[in-house]
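Encoded as structure tokens, the structure appears first; notes follow it.
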Amino acid sequence: MDIQDQLKQDIQQAISTLYGTTIDEVTLQPTKKEFEGLYTFVTFPLTKALRKPPHVIGQEIGAWLQENSPVVSVFNAVQGFLNLSIDDAVWLNVLNSILGNPTFGTLPKKDESVMVEFSSPNTNKPLHLGHLRNNFLGDSVSRILEANGYDVVKACLVNDRGIHICKSMLAYQKFSNGETPESAGMKGDHFIGKYYVLFDKAYKAEIEQLVAGGMDKEVAEKKAPLMQEAQEMLRKWEQGDDATVSLWKQMNEWVFAGFDETYRKIGVSFDKTYYESNTYLLGKDVVEEGLEKGVFYRKDDNSVWIDLTSEGLDQKLVLRSDGTSVYMTQDLGTTDIKFQDFGTNRMVWVVGNEQDYHFNVLFAILKRLGRSYAPGCYHLSYGMVDLPSGKMKSREGTVVDADDLIREVTNAASEAAEQAAKSRYDDMSESQRDALFRMIGLGALKYYLLKVDPQKRMMFNPAESVDVHGHTGPFIQYTHTRTKSVEAKAIQNGLLTGELTRIAIPERVQLHELEQQLIYLLSQYPQRIADAGAAYAPSQLAQFAYDLAKTYNQFYAEVSILQEPDVQKAQIRLAISQAVGQTIRKVMSLLGIEVPDKM
RNA sequence: GCAUUCGUAGCUCAAUUGGAUAGAGCACCUGACUACGGAUCAGGAGGUUUGGGGUUCGAAUCCCUACGAGUGCACCA
């Protein structure tokens with residue numbers, strides 16, 4: 001049994017034996033490091049029922065546990081805190097159960113599936129920093145849910161229709177002289193983005209002219225010939241006009257080629273891609289259904305609404321008076337399709353927090369419609385990424401392009417390597433080195449974006465994002481290479497055969513405090529995965545990886561592994577070292593971050 | 001205006017969901033064995049958790065209030 005479960009059971013037993021009562025749930029917390037022990041039980045809540053001071057209760061339960069619990073070795077009670085130390089032999093058994101279990105940390109299959117929708121790019125411009133936070137979050141959450149035992153479907157909904165793409169198309173028609181990404185030597189998505197910017201420029205010039213001629217600005221924005229043409233193009237596209245559709249297809253092909261390249265670089269993939277060009281008409285049948293069920297109502301002008309004031313929301317339009325759909329209509333339809341396609345009772349949307357209201361409304365509607373999957377819907381809402389110079393605004397050109405950023409972090413990793421230990425890379429080929437530096441650079445970037453609580457708005461500081469010291473991805477990657485290096489030396493010395501294997505437990509052991517601490521941390525891994533899954537929070541695992549790496553480095557500095565004369569001790573330390581390395585690799589992979597063996 | 005999220009060291013973030021003297025990293029200062037990899041480790045300095053009130057054994061966390069910041073409030077997506 002898990003130590004923690006054992007302890008909880010024993011504490012419950014102690015309370016019932018000593019006081020003839022029980023408590024609902026025993027909760028344990030890690031002991032603060034200035035006190036002895038690793039688990040702490042808080043006795044304050046018991047004082048009222050037992051009419052005893054908290055430290056007395058602690059003393060009594062502690063003494064009982066020391067006597068009767070198979071795992072507790074020593075205790076101390078300070079105020080209302082009962083701190084428990086665990087027997088070293090028990091720790092070694094825990095270590096052995098970790099070593100003997102290659103899938104340690106992966107939770108049992110749940111026979112339940114979940115769809116995670118993320119990324120959702122627009123086809124009129126390349127990906128930027130904000131998309132990266134979205135992609136990394138979505139990818140990592142998918143991996144975490146999978147480790148929690150779910151079947152995961154990673155889905156991407158591409159916003160490939162609408163006025164924005166017509167703007168790029170129109171600009172291309174007018175200004176391109178038939179150039180292609182190949183002839184321009186550009187990545188397809190950047191190529192399309194260039195025309196989107198060109199449209200915006202020309203459009204603004206038109207507005208300015210109209211305003212100078214005395215027109216009201218708002219009117220000018222609508223009346224500008226370019227906007228009129230773009231609207232016309234959208235109409236043609238919706239009517240299936242051949243020329244328009246084939247231009248649209250051509251431009252899509254280019255932009256997707258660009259996206260694919262970026263996705264490949266950042267190691268993100270999808271099981272299913274939905275295109276709004278296929279789904280934008282969906283949802284009208286849902287509106288019909290809702291009208292029949294009396295969930296929606298029709299106004300005199302024929303528009304359809306839902307009244308959500310009882311949920312603290314507003315009245316919301318779900319179908320226009322001319323019978324065409326709005327965003328909500330489409331989303332209702334798409335959600336049904338997703339459920340039909342995969343039968344996932346849980347669905348997660350990774351979408352920025354500016355859409356909080358939209359999702360509140362969507363989920364409320366799904367609930368009223370009685371959708372079976374409604375309770376399993378979750379909006380993983382994440383905050384915006386700010387720059388030191390302020391907000392990112394695409395119109396003002398203050399966006400950080402994803403491809404540029406990836407290049408920069410890779411270069412920074414290469415520079416850090418130059419400074420740190422140039423000679424280490426002598427026996428690597430150039431392509432090996434490139435791959436390594438990209439792994440480190442991306443590790444830095446992903447970790448930087450994932451370590452922050454998703455819901456919080458965050459500041460992106462370029463200098464910090466490429467840092468390799470301190471609380472960073474490369475620090476953790478480095479720690480992994482340390483464990484690998486120790487392992488390799490141990491194999492050379494004949495101390496190890498290579499595989500992770502159980503160790504013989506000596507009769508008498510005295511573990512170092514940091515050894516206990518490390519095994520304790522390792523034993524927490526499954527729980528951490530469960531917590532991170534329940535909270536949809538990769539940041540929790542990022543913190544865990546850091547704790548593990550930091551503690552290992554302390555251990556490494558304070559305790560000799562290979563130079564320990566006592567072979568049994570050395571083997572215990574090696575086993576811990578291997579288990580830490582292995583676990584770091586696993587945790588990082590749940591963040592979508594690879595770790596090298598050498599760096 | 002209404003709704004909603006947030007405010008923690010100079011800066012960027014934590015705080016096991018109400019627990020002990022609020023912890024890390026960066027930046028700054030001081031140290032580390034002729035060493036298992038120094039992309040490391042040890043130490044120092046840095047806090048009235050935006051202000052005020054309340055709830056209780058106990059509050060960064062819950063409630064009220066003021067101030068400050070973000071976002072949303074289209075028959076756009």
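FYI, nothing fancy with the structure tokens labels: chains A, B, ... in order, residues from 1 per chain, ligands from 1 as they appear.
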I'd like a table as JSON lines: residues in chain A with an atom no more than 6 Å from chain B, each row giving the shortest atom pair and its distance in Å to one decimal, only C-alpha atoms (C1' of nucleotides) counted, sorted by chain and rising residue number.
{"residue": "A:Arg320", "atom": "CA", "partner": "B:C75", "partner_atom": "C1'", "distance": 4.7}
{"residue": "A:Glu354", "atom": "CA", "partner": "B:U71", "partner_atom": "C1'", "distance": 5.4}
{"residue": "A:Gly470", "atom": "CA", "partner": "B:G25", "partner_atom": "C1'", "distance": 5.3}
{"residue": "A:His471", "atom": "CA", "partner": "B:G25", "partner_atom": "C1'", "distance": 5.0}
{"residue": "A:Val486", "atom": "CA", "partner": "B:C36", "partner_atom": "C1'", "distance": 5.7}
{"residue": "A:Ala557", "atom": "CA", "partner": "B:C41", "partner_atom": "C1'", "distance": 5.8}
{"residue": "A:Leu562", "atom": "CA", "partner": "B:C36", "partner_atom": "C1'", "distance": 5.5}
Serialized selection, all heavy atoms, as a compact mmCIF listing (two decimals), in the first residue's frame:
# COMPACT_ATOMS: atom_id res chain seq x y z
N ARG A 320 -30.23 34.43 -36.28
CA ARG A 320 -30.63 35.77 -36.74
C ARG A 320 -32.03 35.76 -37.33
O ARG A 320 -32.54 34.71 -37.71
CB ARG A 320 -29.66 36.27 -37.82
CG ARG A 320 -28.27 36.55 -37.33
CD ARG A 320 -27.54 37.38 -38.39
NE ARG A 320 -26.13 37.46 -38.09
CZ ARG A 320 -25.20 36.73 -38.71
NH1 ARG A 320 -25.54 35.89 -39.66
NH2 ARG A 320 -23.95 36.86 -38.37
N GLU A 354 -10.79 35.68 -22.95
CA GLU A 354 -11.72 36.70 -23.47
C GLU A 354 -13.02 36.03 -23.91
O GLU A 354 -14.01 36.70 -24.18
CB GLU A 354 -11.08 37.51 -24.60
CG GLU A 354 -10.78 36.76 -25.87
CD GLU A 354 -9.39 36.11 -25.85
OE1 GLU A 354 -8.78 36.02 -24.76
OE2 GLU A 354 -8.94 35.67 -26.92
N GLY A 470 18.62 28.61 -13.14
CA GLY A 470 17.53 28.82 -12.21
C GLY A 470 16.30 28.00 -12.54
O GLY A 470 16.40 26.87 -13.01
N HIS A 471 15.15 28.59 -12.30
CA HIS A 471 13.89 27.88 -12.48
C HIS A 471 13.52 27.82 -13.96
O HIS A 471 12.64 28.57 -14.43
CB HIS A 471 12.80 28.59 -11.67
CG HIS A 471 11.52 27.81 -11.60
ND1 HIS A 471 10.42 28.24 -10.92
CD2 HIS A 471 11.17 26.62 -12.13
CE1 HIS A 471 9.45 27.36 -11.04
NE2 HIS A 471 9.88 26.37 -11.78
N VAL A 486 26.07 9.90 -14.36
CA VAL A 486 26.38 9.05 -13.21
C VAL A 486 26.12 7.60 -13.56
O VAL A 486 26.93 6.71 -13.28
CB VAL A 486 25.52 9.46 -11.98
CG1 VAL A 486 25.67 8.45 -10.86
CG2 VAL A 486 25.91 10.84 -11.50
N ALA A 557 25.33 17.37 -4.61
CA ALA A 557 26.43 18.17 -4.08
C ALA A 557 26.85 17.70 -2.69
O ALA A 557 28.01 17.82 -2.30
CB ALA A 557 26.01 19.64 -4.03
N LEU A 562 29.27 7.70 -6.48
CA LEU A 562 30.22 6.71 -6.98
C LEU A 562 31.42 6.54 -6.05
O LEU A 562 32.10 5.53 -6.10
CB LEU A 562 30.70 7.11 -8.38
CG LEU A 562 29.59 7.13 -9.43
CD1 LEU A 562 30.10 7.64 -10.76
CD2 LEU A 562 28.98 5.74 -9.61
Q: Any chance you could list, as a ChimeraX atom specification, the residues in region 245-452 of chain A that come up strand (DSSP E) when DSSP is run on the backbone?
A: /A:272-275,297-298,304-307,315-319,346-352,377-382,385-386
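Taking CA of Asp24 (chain A) and CA of Gln12 (chain A) as endpoints, the distance between them is 9.2 Å.
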**Q.** Close residues, Gly105 (chain A) itself excluded, 10 Å, only C-alpha atoms (C1' of nucleotides), min 3 positions apart in chain, as a ChimeraX atom specification
**A.** /A:98,101-102,108,147-148,522-530,583,586-587
Please, could you write that set of residues out with all heavy atoms as a compact mmCIF listing (two decimals), in the first residue's frame?
# COMPACT_ATOMS: atom_id res chain seq x y z
N ILE A 98 8.95 1.49 -7.01
CA ILE A 98 9.07 2.42 -8.14
C ILE A 98 9.98 1.81 -9.21
O ILE A 98 9.67 1.82 -10.39
CB ILE A 98 9.62 3.78 -7.68
CG1 ILE A 98 8.60 4.48 -6.77
CG2 ILE A 98 9.98 4.65 -8.87
CD1 ILE A 98 9.15 5.69 -6.04
N ASN A 101 8.54 -0.95 -11.40
CA ASN A 101 7.33 -0.64 -12.17
C ASN A 101 7.64 0.32 -13.31
O ASN A 101 7.71 1.52 -13.10
CB ASN A 101 6.28 -0.04 -11.23
CG ASN A 101 5.01 0.35 -11.96
OD1 ASN A 101 4.89 0.10 -13.17
ND2 ASN A 101 4.09 0.93 -11.25
N PRO A 102 7.82 -0.21 -14.51
CA PRO A 102 8.22 0.64 -15.62
C PRO A 102 7.17 1.68 -15.98
O PRO A 102 7.50 2.72 -16.55
CB PRO A 102 8.42 -0.33 -16.78
CG PRO A 102 7.80 -1.62 -16.37
CD PRO A 102 7.68 -1.63 -14.88
N PRO A 108 -4.28 3.96 -13.87
CA PRO A 108 -5.03 2.89 -14.53
C PRO A 108 -5.99 3.43 -15.59
O PRO A 108 -6.52 4.54 -15.44
CB PRO A 108 -5.83 2.26 -13.38
CG PRO A 108 -5.25 2.76 -12.13
CD PRO A 108 -4.47 3.99 -12.43
N ALA A 147 -2.12 10.26 -19.27
CA ALA A 147 -1.46 9.62 -18.14
C ALA A 147 -2.45 9.35 -17.01
O ALA A 147 -2.24 8.49 -16.17
CB ALA A 147 -0.33 10.50 -17.62
N ASN A 148 -3.56 10.08 -17.01
CA ASN A 148 -4.60 9.85 -16.03
C ASN A 148 -5.53 8.71 -16.42
O ASN A 148 -6.52 8.45 -15.74
CB ASN A 148 -5.42 11.13 -15.82
CG ASN A 148 -4.84 12.01 -14.72
OD1 ASN A 148 -5.10 11.81 -13.56
ND2 ASN A 148 -4.01 12.97 -15.12
N LEU A 522 9.52 11.23 -5.23
CA LEU A 522 9.22 10.25 -6.27
C LEU A 522 7.87 9.57 -6.00
O LEU A 522 7.08 9.36 -6.91
CB LEU A 522 10.32 9.19 -6.34
CG LEU A 522 11.67 9.66 -6.89
CD1 LEU A 522 12.75 8.61 -6.65
CD2 LEU A 522 11.57 9.98 -8.38
N SER A 523 7.64 9.27 -4.73
CA SER A 523 6.41 8.56 -4.39
C SER A 523 5.18 9.44 -4.62
O SER A 523 4.07 8.95 -4.75
CB SER A 523 6.45 8.09 -2.94
OG SER A 523 6.20 9.18 -2.06
N GLN A 524 5.39 10.74 -4.66
CA GLN A 524 4.27 11.67 -4.87
C GLN A 524 3.83 11.75 -6.33
O GLN A 524 2.79 12.31 -6.64
CB GLN A 524 4.68 13.09 -4.44
CG GLN A 524 4.93 13.27 -2.98
CD GLN A 524 3.64 13.29 -2.22
OE1 GLN A 524 3.02 12.25 -2.00
NE2 GLN A 524 3.20 14.45 -1.83
N TYR A 525 4.65 11.22 -7.20
CA TYR A 525 4.43 11.41 -8.64
C TYR A 525 3.02 11.06 -9.12
O TYR A 525 2.37 11.88 -9.76
CB TYR A 525 5.53 10.66 -9.41
CG TYR A 525 5.46 10.78 -10.90
CD1 TYR A 525 5.22 11.99 -11.51
CD2 TYR A 525 5.63 9.66 -11.72
CE1 TYR A 525 5.15 12.10 -12.89
CE2 TYR A 525 5.57 9.76 -13.09
CZ TYR A 525 5.33 10.97 -13.68
OH TYR A 525 5.26 11.06 -15.04
N PRO A 526 2.51 9.86 -8.81
CA PRO A 526 1.16 9.54 -9.30
C PRO A 526 0.11 10.53 -8.81
O PRO A 526 -0.77 10.93 -9.57
CB PRO A 526 0.90 8.14 -8.72
CG PRO A 526 2.24 7.58 -8.44
CD PRO A 526 3.10 8.74 -8.05
N GLN A 527 0.23 10.94 -7.55
CA GLN A 527 -0.73 11.89 -7.00
C GLN A 527 -0.63 13.24 -7.73
O GLN A 527 -1.63 13.88 -8.01
CB GLN A 527 -0.46 12.08 -5.50
CG GLN A 527 -1.48 12.92 -4.78
CD GLN A 527 -2.88 12.33 -4.89
OE1 GLN A 527 -3.08 11.15 -4.66
NE2 GLN A 527 -3.85 13.16 -5.27
N ARG A 528 0.59 13.62 -8.03
CA ARG A 528 0.78 14.89 -8.74
C ARG A 528 0.15 14.86 -10.12
O ARG A 528 -0.40 15.85 -10.60
CB ARG A 528 2.27 15.21 -8.88
CG ARG A 528 2.98 15.45 -7.58
CD ARG A 528 2.42 16.68 -6.87
NE ARG A 528 3.34 17.16 -5.88
CZ ARG A 528 4.02 18.30 -5.99
NH1 ARG A 528 3.84 19.10 -7.02
NH2 ARG A 528 4.86 18.65 -5.06
N ILE A 529 0.24 13.71 -10.77
CA ILE A 529 -0.39 13.58 -12.09
C ILE A 529 -1.90 13.67 -11.96
O ILE A 529 -2.56 14.35 -12.75
CB ILE A 529 0.01 12.25 -12.74
CG1 ILE A 529 1.47 12.29 -13.15
CG2 ILE A 529 -0.86 11.96 -13.96
CD1 ILE A 529 1.94 11.03 -13.81
N ALA A 530 -2.43 13.02 -10.94
CA ALA A 530 -3.87 13.08 -10.73
C ALA A 530 -4.32 14.51 -10.44
O ALA A 530 -5.31 14.98 -11.01
CB ALA A 530 -4.26 12.16 -9.57
N THR A 583 12.15 9.71 -13.78
CA THR A 583 10.93 10.46 -13.47
C THR A 583 10.98 11.86 -14.07
O THR A 583 9.98 12.35 -14.59
CB THR A 583 10.73 10.53 -11.94
OG1 THR A 583 10.76 9.19 -11.42
CG2 THR A 583 9.41 11.16 -11.60
N LYS A 586 9.99 11.52 -17.57
CA LYS A 586 8.54 11.32 -17.73
C LYS A 586 7.75 12.60 -17.49
O LYS A 586 6.85 12.93 -18.25
CB LYS A 586 8.05 10.24 -16.76
CG LYS A 586 8.39 8.83 -17.15
CD LYS A 586 7.70 7.87 -16.19
CE LYS A 586 8.22 6.46 -16.31
NZ LYS A 586 7.69 5.62 -15.21
N VAL A 587 8.07 13.29 -16.41
CA VAL A 587 7.31 14.52 -16.10
C VAL A 587 7.48 15.53 -17.22
O VAL A 587 6.53 16.16 -17.67
CB VAL A 587 7.77 15.16 -14.78
CG1 VAL A 587 6.94 16.39 -14.48
CG2 VAL A 587 7.66 14.19 -13.64
(Q) To one decimal place in Å, what is the distance between CA of Tyr297 (chain A) and CA of Phe363 (chain A)? (A) 18.0 Å
(Q) I need the residues in region 495-586 of chain A that are alpha helix (DSSP H) according to DSSP; give them as a count of residues only. (A) 64
Q: Could you tell me which of A:Val197, A:Ala504, A:Ala570, A:Leu38 comes closest to Leu84 (chain A) if we count only C-alpha atoms?
A: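 Looking only at the distances to Leu84 (chain A), the closest residue turns out to be A:Leu38.
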Q) What is the distance between CA of Ile192 (chain A) and CA of Pro121 (chain A), in Å to one decimal? A)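 We find that CA of Ile192 (chain A) and CA of Pro121 (chain A) lie 13.2 Å from each other.
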Q.
Measuring between only C-alpha atoms, which one of A:Arg143, A:Phe475, A:Asp200, A:Arg133 shows the shortest distance to Phe460 (chain A)?
A.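 Among the listed residues, A:Arg133 lies closest to Phe460 (chain A).
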(Q) Give me the residues near Ile57 (chain A) as a ChimeraX atom specification, where near means some atom within 10 Å (using only C-alpha atoms (C1' of nucleotides)) and where sequence neighbours in that chain fewer than 3 positions away do not count. (A) /A:15,18-19,42-44,46-47,50-54,60-63,77,79-82
Selected residues, C-alpha atoms, written as a PDB file, in the first residue's frame, please.
ATOM      1  CA  ILE A  15      -8.331   8.307  16.685  1.00  0.00           C
ATOM      2  CA  LEU A  18      -7.796   6.587  21.621  1.00  0.00           C
ATOM      3  CA  TYR A  19     -10.979   8.630  21.532  1.00  0.00           C
ATOM      4  CA  VAL A  42      -3.002  18.934  11.596  1.00  0.00           C
ATOM      5  CA  THR A  43      -4.790  18.380  14.901  1.00  0.00           C
ATOM      6  CA  PHE A  44      -6.510  21.752  15.362  1.00  0.00           C
ATOM      7  CA  LEU A  46     -10.035  17.853  16.574  1.00  0.00           C
ATOM      8  CA  THR A  47      -9.739  20.183  19.560  1.00  0.00           C
ATOM      9  CA  LEU A  50     -12.081  16.141  22.037  1.00  0.00           C
ATOM     10  CA  ARG A  51     -11.812  19.118  24.377  1.00  0.00           C
ATOM     11  CA  LYS A  52      -8.073  18.804  24.536  1.00  0.00           C
ATOM     12  CA  PRO A  53      -5.320  21.200  23.495  1.00  0.00           C
ATOM     13  CA  PRO A  54      -3.970  20.524  19.994  1.00  0.00           C
ATOM     14  CA  GLU A  60      -1.135  11.106  21.979  1.00  0.00           C
ATOM     15  CA  ILE A  61      -1.740  10.199  18.349  1.00  0.00           C
ATOM     16  CA  GLY A  62       1.980  10.385  17.640  1.00  0.00           C
ATOM     17  CA  ALA A  63       2.832   8.056  20.486  1.00  0.00           C
ATOM     18  CA  ALA A  77       4.200  17.518  17.898  1.00  0.00           C
ATOM     19  CA  GLN A  79       1.365  23.222  18.518  1.00  0.00           C
ATOM     20  CA  GLY A  80      -1.309  21.621  16.385  1.00  0.00           C
ATOM     21  CA  PHE A  81       1.068  19.988  13.968  1.00  0.00           C
ATOM     22  CA  LEU A  82       1.985  16.347  14.254  1.00  0.00           C
TER      23      LEU A  82
END
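Within the 9 Å cut-off around A22 (chain B), using only C-alpha atoms (C1' of nucleotides) and omitting residues fewer than 2 positions from it on the same chain, the listed residues are U8, A15, G47, U49 and A60 of chain B.
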